[in-house]
Amino acid sequence: MLNNKKDYSHIGILSAMPEEVGIILDNLKNAKSYKFGDFELFSGYINIDSSKEIFVTTAWSGWGKVSAARATTRLLSTDYHLPIDFILFTGVAGGINKRLKQWDVILADSLIQHDMDARPLFDKYVIPSINQKKIYPCHYLLENVFNNLKNNLINDDFSKFGSLYKGLIGTGDMFISNNNKINNLLKEIPELYAVEMEGAAFAQVAFQEKVDWLVMRVISDTANSNASNDFEDFLKEYKLNSFALIKSFLEVLKNK
Ligand code: ADE
């Protein structure tokens, strides 16, 4: 049970790629779309179980920090019949921490833009507009979702997925596929768990717009020289299994 004071009524879900949100679209009832240039938002209801449904708006942002920031801003500023009160960025990530394996799930307990460097005016990694290096989701919300999702992953039919972790996710405009890059990142940010290309941009917008948010990723590769092959093979399987995870996440949010 999510023991949160808020009952979220409209959930925004973004991913970078159509493969990551396609299956959500297939499950939206009474879907309605909003088009902005080459970006499209899709709203509708998702059945969590036979008695519960939840209003969701979803889209794929495209890769990278600019695309993620643009999509998050559009997601939050579109005029719906219900205002958005929680947003999630989900999809795949490269595991950097040695414990992480393909299919492990990680909830970000913080995010950093590992390619941000405005020295000498700011310390390395400080995002000037918020004057901090890391962006943190609501601690209470994170703990509740983590504990409940952990139970769901054990109890339900989640054979594909591995262990659930929480940790620091690093975001940058680069696909990481070599050990030197991993070692350089870990030398400077030893607590880094995983890397991807959108989460910290999404988190920055959510933080500045004062909306509740989380980032949840599934490990597709370990950012080494085999990363691009692992990533492509993984995506095909991920497409078939991701909805179960997203549905479980929604169930946790809605089960008050
Ligand atoms: N997303 C999934 N795998 C990744 C990697 N190795 N680098 C950056 N983003 C990723």
# chains A, B, ... in the order shown; residues from 1 in each chain; ligands from 1
$ residues_near_ligand --ligand "ligand 1" --cutoff "10 Å" --atoms "only C-alpha atoms and all ligand atoms" --output "ChimeraX atom specification"
/A:16,63-64,91-96,170-178,182,194-198,217-228,230-232,234-235
$ residues_around --residues "Leu164 (chain A)" --least-positions-apart "3" --cutoff "8 Å" --atoms "only C-alpha atoms" --output "count of residues only"
6
$ closest_residue --among "A:Ile46, A:Met116, A:Phe202, A:Ser248" --to "Thr73 (chain A)" --atoms "only C-alpha atoms"
A:Phe202
$ residues_around --residues "Ile169 (chain A)" --least-positions-apart "6" --cutoff "8 Å" --atoms "only C-alpha atoms" --output "PyMOL selection string"
chain A and resi 108-112+192-196+199-200
$ write_last_selection --atoms "N, CA, C and O atoms" --output "tab-separated table (two decimals), in the first residue's frame"
chain	number	residue	atom	x	y	z
A	108	ALA	N	15.63	5.78	-9.20
A	108	ALA	CA	16.63	6.81	-8.89
A	108	ALA	C	16.33	7.41	-7.52
A	108	ALA	O	15.23	7.93	-7.31
A	109	ASP	N	17.33	7.33	-6.59
A	109	ASP	CA	17.16	8.08	-5.34
A	109	ASP	C	17.77	9.48	-5.51
A	109	ASP	O	17.64	10.33	-4.64
A	110	SER	N	18.46	9.69	-6.65
A	110	SER	CA	19.01	10.98	-7.02
A	110	SER	C	19.51	10.87	-8.45
A	110	SER	O	19.73	9.75	-8.94
A	111	LEU	N	19.65	12.03	-9.11
A	111	LEU	CA	20.18	12.02	-10.48
A	111	LEU	C	21.20	13.14	-10.63
A	111	LEU	O	21.12	14.17	-9.96
A	112	ILE	N	22.17	12.90	-11.54
A	112	ILE	CA	23.22	13.90	-11.80
A	112	ILE	C	23.40	14.02	-13.31
A	112	ILE	O	23.24	13.03	-14.03
A	192	LEU	N	27.80	6.15	-8.40
A	192	LEU	CA	26.95	6.03	-9.58
A	192	LEU	C	26.48	4.59	-9.80
A	192	LEU	O	27.30	3.67	-9.79
A	193	TYR	N	25.20	4.39	-10.01
A	193	TYR	CA	24.66	3.05	-10.26
A	193	TYR	C	24.46	2.76	-11.75
A	193	TYR	O	24.73	1.67	-12.21
A	194	ALA	N	23.90	3.74	-12.46
A	194	ALA	CA	23.51	3.47	-13.85
A	194	ALA	C	23.56	4.76	-14.66
A	194	ALA	O	23.54	5.86	-14.10
A	195	VAL	N	23.64	4.60	-15.98
A	195	VAL	CA	23.66	5.78	-16.85
A	195	VAL	C	22.55	5.68	-17.90
A	195	VAL	O	22.19	4.59	-18.35
A	196	GLU	N	22.04	6.81	-18.27
A	196	GLU	CA	21.08	6.91	-19.37
A	196	GLU	C	21.15	8.33	-19.93
A	196	GLU	O	22.10	9.05	-19.60
A	199	GLY	N	17.03	11.11	-17.81
A	199	GLY	CA	16.42	11.21	-16.48
A	199	GLY	C	16.68	12.51	-15.73
A	199	GLY	O	15.76	13.09	-15.16
A	200	ALA	N	17.94	12.97	-15.72
A	200	ALA	CA	18.25	14.15	-14.91
A	200	ALA	C	17.71	15.44	-15.54
A	200	ALA	O	17.51	16.44	-14.83
$ atom_distance --atom1 "CA of Thr90 (chain A)" --atom2 "CA of Met216 (chain A)"
4.9 Å
$ atom_distance --atom1 "CA of Lys239 (chain A)" --atom2 "CA of Leu88 (chain A)"
17.5 Å
$ select_by_dssp --residues "region 25-88 of chain A" --states "helix (DSSP H, G or I)" --output "PyMOL selection string"
chain A and resi 25-26+65-77
$ write_last_selection --atoms "N, CA and C atoms" --output "mmCIF file, in the first residue's frame"
data_model
loop_
_atom_site.group_PDB
_atom_site.id
_atom_site.type_symbol
_atom_site.label_atom_id
_atom_site.label_comp_id
_atom_site.auth_asym_id
_atom_site.auth_seq_id
_atom_site.Cartn_x
_atom_site.Cartn_y
_atom_site.Cartn_z
ATOM 1 N N LEU A 25 0.452 2.553 -24.883
ATOM 2 C CA LEU A 25 -0.545 3.067 -25.840
ATOM 3 C C LEU A 25 -1.582 2.010 -26.180
ATOM 4 N N ASP A 26 -1.124 0.784 -26.367
ATOM 5 C CA ASP A 26 -2.048 -0.307 -26.717
ATOM 6 C C ASP A 26 -3.062 -0.552 -25.601
ATOM 7 N N LYS A 65 19.023 14.923 -23.453
ATOM 8 C CA LYS A 65 18.527 15.837 -22.418
ATOM 9 C C LYS A 65 17.594 16.911 -22.977
ATOM 10 N N VAL A 66 17.912 17.439 -24.151
ATOM 11 C CA VAL A 66 17.049 18.491 -24.716
ATOM 12 C C VAL A 66 15.667 17.922 -25.022
ATOM 13 N N SER A 67 15.642 16.741 -25.653
ATOM 14 C CA SER A 67 14.354 16.121 -25.997
ATOM 15 C C SER A 67 13.551 15.810 -24.736
ATOM 16 N N ALA A 68 14.250 15.346 -23.699
ATOM 17 C CA ALA A 68 13.554 15.010 -22.444
ATOM 18 C C ALA A 68 12.968 16.260 -21.794
ATOM 19 N N ALA A 69 13.741 17.342 -21.799
ATOM 20 C CA ALA A 69 13.257 18.586 -21.175
ATOM 21 C C ALA A 69 12.068 19.145 -21.950
ATOM 22 N N ARG A 70 12.157 19.071 -23.274
ATOM 23 C CA ARG A 70 11.048 19.561 -24.099
ATOM 24 C C ARG A 70 9.781 18.746 -23.835
ATOM 25 N N ALA A 71 9.927 17.418 -23.809
ATOM 26 C CA ALA A 71 8.757 16.548 -23.609
ATOM 27 C C ALA A 71 8.146 16.764 -22.226
ATOM 28 N N THR A 72 8.994 16.914 -21.221
ATOM 29 C CA THR A 72 8.482 17.103 -19.854
ATOM 30 C C THR A 72 7.709 18.411 -19.762
ATOM 31 N N THR A 73 8.238 19.442 -20.384
ATOM 32 C CA THR A 73 7.569 20.746 -20.354
ATOM 33 C C THR A 73 6.224 20.669 -21.070
ATOM 34 N N ARG A 74 6.199 20.021 -22.224
ATOM 35 C CA ARG A 74 4.927 19.842 -22.955
ATOM 36 C C ARG A 74 3.940 19.008 -22.143
ATOM 37 N N LEU A 75 4.448 17.946 -21.543
ATOM 38 C CA LEU A 75 3.589 17.059 -20.746
ATOM 39 C C LEU A 75 2.916 17.854 -19.628
ATOM 40 N N LEU A 76 3.693 18.716 -18.975
ATOM 41 C CA LEU A 76 3.166 19.440 -17.815
ATOM 42 C C LEU A 76 2.316 20.647 -18.200
ATOM 43 N N SER A 77 2.533 21.214 -19.372
ATOM 44 C CA SER A 77 1.850 22.477 -19.673
ATOM 45 C C SER A 77 0.634 22.316 -20.591
#
$ residues_around --residues "region 118-128 of chain A" --least-positions-apart "3" --cutoff "12 Å" --atoms "only C-alpha atoms" --output "PyMOL selection string"
chain A and resi 111-115+131-135+170-172+185+188-189+200-201+203-205+208
$ write_last_selection --atoms "N, CA, C and O atoms" --output "PDB file, in the first residue's frame"
ATOM      1  N   LEU A 111      19.653  12.025  -9.106  1.00  0.00           N
ATOM      2  CA  LEU A 111      20.181  12.025 -10.483  1.00  0.00           C
ATOM      3  C   LEU A 111      21.202  13.141 -10.628  1.00  0.00           C
ATOM      4  O   LEU A 111      21.115  14.171  -9.958  1.00  0.00           O
ATOM      5  N   ILE A 112      22.174  12.897 -11.540  1.00  0.00           N
ATOM      6  CA  ILE A 112      23.216  13.901 -11.795  1.00  0.00           C
ATOM      7  C   ILE A 112      23.395  14.024 -13.312  1.00  0.00           C
ATOM      8  O   ILE A 112      23.240  13.026 -14.029  1.00  0.00           O
ATOM      9  N   GLN A 113      23.686  15.221 -13.784  1.00  0.00           N
ATOM     10  CA  GLN A 113      23.993  15.408 -15.214  1.00  0.00           C
ATOM     11  C   GLN A 113      25.504  15.277 -15.348  1.00  0.00           C
ATOM     12  O   GLN A 113      26.241  16.228 -15.085  1.00  0.00           O
ATOM     13  N   HIS A 114      25.968  14.069 -15.734  1.00  0.00           N
ATOM     14  CA  HIS A 114      27.401  13.792 -15.640  1.00  0.00           C
ATOM     15  C   HIS A 114      28.214  14.508 -16.712  1.00  0.00           C
ATOM     16  O   HIS A 114      29.448  14.471 -16.687  1.00  0.00           O
ATOM     17  N   ASP A 115      27.538  15.174 -17.671  1.00  0.00           N
ATOM     18  CA  ASP A 115      28.273  15.954 -18.666  1.00  0.00           C
ATOM     19  C   ASP A 115      28.166  17.461 -18.396  1.00  0.00           C
ATOM     20  O   ASP A 115      28.576  18.271 -19.229  1.00  0.00           O
ATOM     21  N   ASN A 131      21.642  25.537  -8.874  1.00  0.00           N
ATOM     22  CA  ASN A 131      22.803  25.613  -7.983  1.00  0.00           C
ATOM     23  C   ASN A 131      23.006  24.344  -7.133  1.00  0.00           C
ATOM     24  O   ASN A 131      23.328  24.427  -5.960  1.00  0.00           O
ATOM     25  N   GLN A 132      22.771  23.183  -7.728  1.00  0.00           N
ATOM     26  CA  GLN A 132      23.054  21.923  -7.038  1.00  0.00           C
ATOM     27  C   GLN A 132      23.467  20.859  -8.049  1.00  0.00           C
ATOM     28  O   GLN A 132      23.126  20.954  -9.237  1.00  0.00           O
ATOM     29  N   LYS A 133      24.222  19.846  -7.521  1.00  0.00           N
ATOM     30  CA  LYS A 133      24.723  18.797  -8.421  1.00  0.00           C
ATOM     31  C   LYS A 133      23.679  17.718  -8.646  1.00  0.00           C
ATOM     32  O   LYS A 133      23.528  17.208  -9.744  1.00  0.00           O
ATOM     33  N   LYS A 134      23.021  17.310  -7.548  1.00  0.00           N
ATOM     34  CA  LYS A 134      22.101  16.180  -7.638  1.00  0.00           C
ATOM     35  C   LYS A 134      20.662  16.644  -7.463  1.00  0.00           C
ATOM     36  O   LYS A 134      20.410  17.615  -6.743  1.00  0.00           O
ATOM     37  N   ILE A 135      19.753  15.915  -8.084  1.00  0.00           N
ATOM     38  CA  ILE A 135      18.321  16.220  -7.959  1.00  0.00           C
ATOM     39  C   ILE A 135      17.668  15.022  -7.280  1.00  0.00           C
ATOM     40  O   ILE A 135      17.899  13.872  -7.691  1.00  0.00           O
ATOM     41  N   GLY A 170      23.112   8.579 -13.528  1.00  0.00           N
ATOM     42  CA  GLY A 170      23.802   9.663 -14.224  1.00  0.00           C
ATOM     43  C   GLY A 170      23.244   9.828 -15.628  1.00  0.00           C
ATOM     44  O   GLY A 170      23.056   8.836 -16.346  1.00  0.00           O
ATOM     45  N   THR A 171      22.996  11.071 -16.001  1.00  0.00           N
ATOM     46  CA  THR A 171      22.432  11.369 -17.326  1.00  0.00           C
ATOM     47  C   THR A 171      23.418  12.217 -18.123  1.00  0.00           C
ATOM     48  O   THR A 171      23.995  13.165 -17.587  1.00  0.00           O
ATOM     49  N   GLY A 172      23.603  11.874 -19.392  1.00  0.00           N
ATOM     50  CA  GLY A 172      24.458  12.692 -20.253  1.00  0.00           C
ATOM     51  C   GLY A 172      24.103  12.441 -21.702  1.00  0.00           C
ATOM     52  O   GLY A 172      23.483  11.423 -22.027  1.00  0.00           O
ATOM     53  N   LEU A 185      34.171   7.865 -15.037  1.00  0.00           N
ATOM     54  CA  LEU A 185      32.964   8.335 -14.322  1.00  0.00           C
ATOM     55  C   LEU A 185      32.993   7.874 -12.871  1.00  0.00           C
ATOM     56  O   LEU A 185      32.713   8.655 -11.952  1.00  0.00           O
ATOM     57  N   GLU A 188      35.240   9.783 -10.450  1.00  0.00           N
ATOM     58  CA  GLU A 188      34.707  11.074  -9.978  1.00  0.00           C
ATOM     59  C   GLU A 188      33.391  10.933  -9.233  1.00  0.00           C
ATOM     60  O   GLU A 188      33.074  11.734  -8.362  1.00  0.00           O
ATOM     61  N   ILE A 189      32.585   9.915  -9.611  1.00  0.00           N
ATOM     62  CA  ILE A 189      31.262   9.740  -8.982  1.00  0.00           C
ATOM     63  C   ILE A 189      31.130   8.266  -8.582  1.00  0.00           C
ATOM     64  O   ILE A 189      30.425   7.486  -9.229  1.00  0.00           O
ATOM     65  N   ALA A 200      17.941  12.974 -15.723  1.00  0.00           N
ATOM     66  CA  ALA A 200      18.246  14.155 -14.908  1.00  0.00           C
ATOM     67  C   ALA A 200      17.713  15.441 -15.540  1.00  0.00           C
ATOM     68  O   ALA A 200      17.512  16.445 -14.833  1.00  0.00           O
ATOM     69  N   ALA A 201      17.480  15.427 -16.853  1.00  0.00           N
ATOM     70  CA  ALA A 201      16.860  16.603 -17.498  1.00  0.00           C
ATOM     71  C   ALA A 201      15.380  16.645 -17.130  1.00  0.00           C
ATOM     72  O   ALA A 201      14.831  17.698 -16.757  1.00  0.00           O
ATOM     73  N   ALA A 203      14.109  15.273 -14.462  1.00  0.00           N
ATOM     74  CA  ALA A 203      14.040  15.559 -13.023  1.00  0.00           C
ATOM     75  C   ALA A 203      14.232  17.051 -12.754  1.00  0.00           C
ATOM     76  O   ALA A 203      13.575  17.618 -11.870  1.00  0.00           O
ATOM     77  N   GLN A 204      15.122  17.674 -13.529  1.00  0.00           N
ATOM     78  CA  GLN A 204      15.346  19.119 -13.326  1.00  0.00           C
ATOM     79  C   GLN A 204      14.067  19.909 -13.614  1.00  0.00           C
ATOM     80  O   GLN A 204      13.684  20.808 -12.854  1.00  0.00           O
ATOM     81  N   VAL A 205      13.397  19.556 -14.722  1.00  0.00           N
ATOM     82  CA  VAL A 205      12.145  20.267 -15.062  1.00  0.00           C
ATOM     83  C   VAL A 205      11.098  20.019 -13.976  1.00  0.00           C
ATOM     84  O   VAL A 205      10.451  20.949 -13.489  1.00  0.00           O
ATOM     85  N   GLN A 208      11.956  21.972 -10.836  1.00  0.00           N
ATOM     86  CA  GLN A 208      11.731  23.420 -10.970  1.00  0.00           C
ATOM     87  C   GLN A 208      10.238  23.750 -11.105  1.00  0.00           C
ATOM     88  O   GLN A 208       9.807  24.830 -10.708  1.00  0.00           O
TER      89      GLN A 208
END
$ residues_around --residues "Val145 (chain A)" --least-positions-apart "6" --cutoff "12 Å" --atoms "only C-alpha atoms" --output "MDAnalysis selection string"
chainID A and resid 1:4 88 106:109 137:139 151:153 164:166 213:216 248:256
$ select_by_dssp --residues "region 56-88 of chain A" --states "strand (DSSP E or B)" --output "PyMOL selection string"
chain A and resi 56-60+86-88
$ write_last_selection --atoms "C-alpha atoms" --output "PDB file, in the first residue's frame"
ATOM      1  CA  VAL A  56      -2.519   8.482 -17.770  1.00  0.00           C
ATOM      2  CA  THR A  57      -0.848  10.697 -20.355  1.00  0.00           C
ATOM      3  CA  THR A  58       2.180   9.245 -22.105  1.00  0.00           C
ATOM      4  CA  ALA A  59       4.667  10.006 -24.891  1.00  0.00           C
ATOM      5  CA  TRP A  60       8.132   9.182 -26.134  1.00  0.00           C
ATOM      6  CA  PHE A  86       2.753  12.974 -10.765  1.00  0.00           C
ATOM      7  CA  ILE A  87       5.255  12.184 -13.539  1.00  0.00           C
ATOM      8  CA  LEU A  88       7.464   9.153 -14.218  1.00  0.00           C
TER       9      LEU A  88
END
$ atom_distance --atom1 "CA of Asp38 (chain A)" --atom2 "CA of His81 (chain A)"
23.0 Å
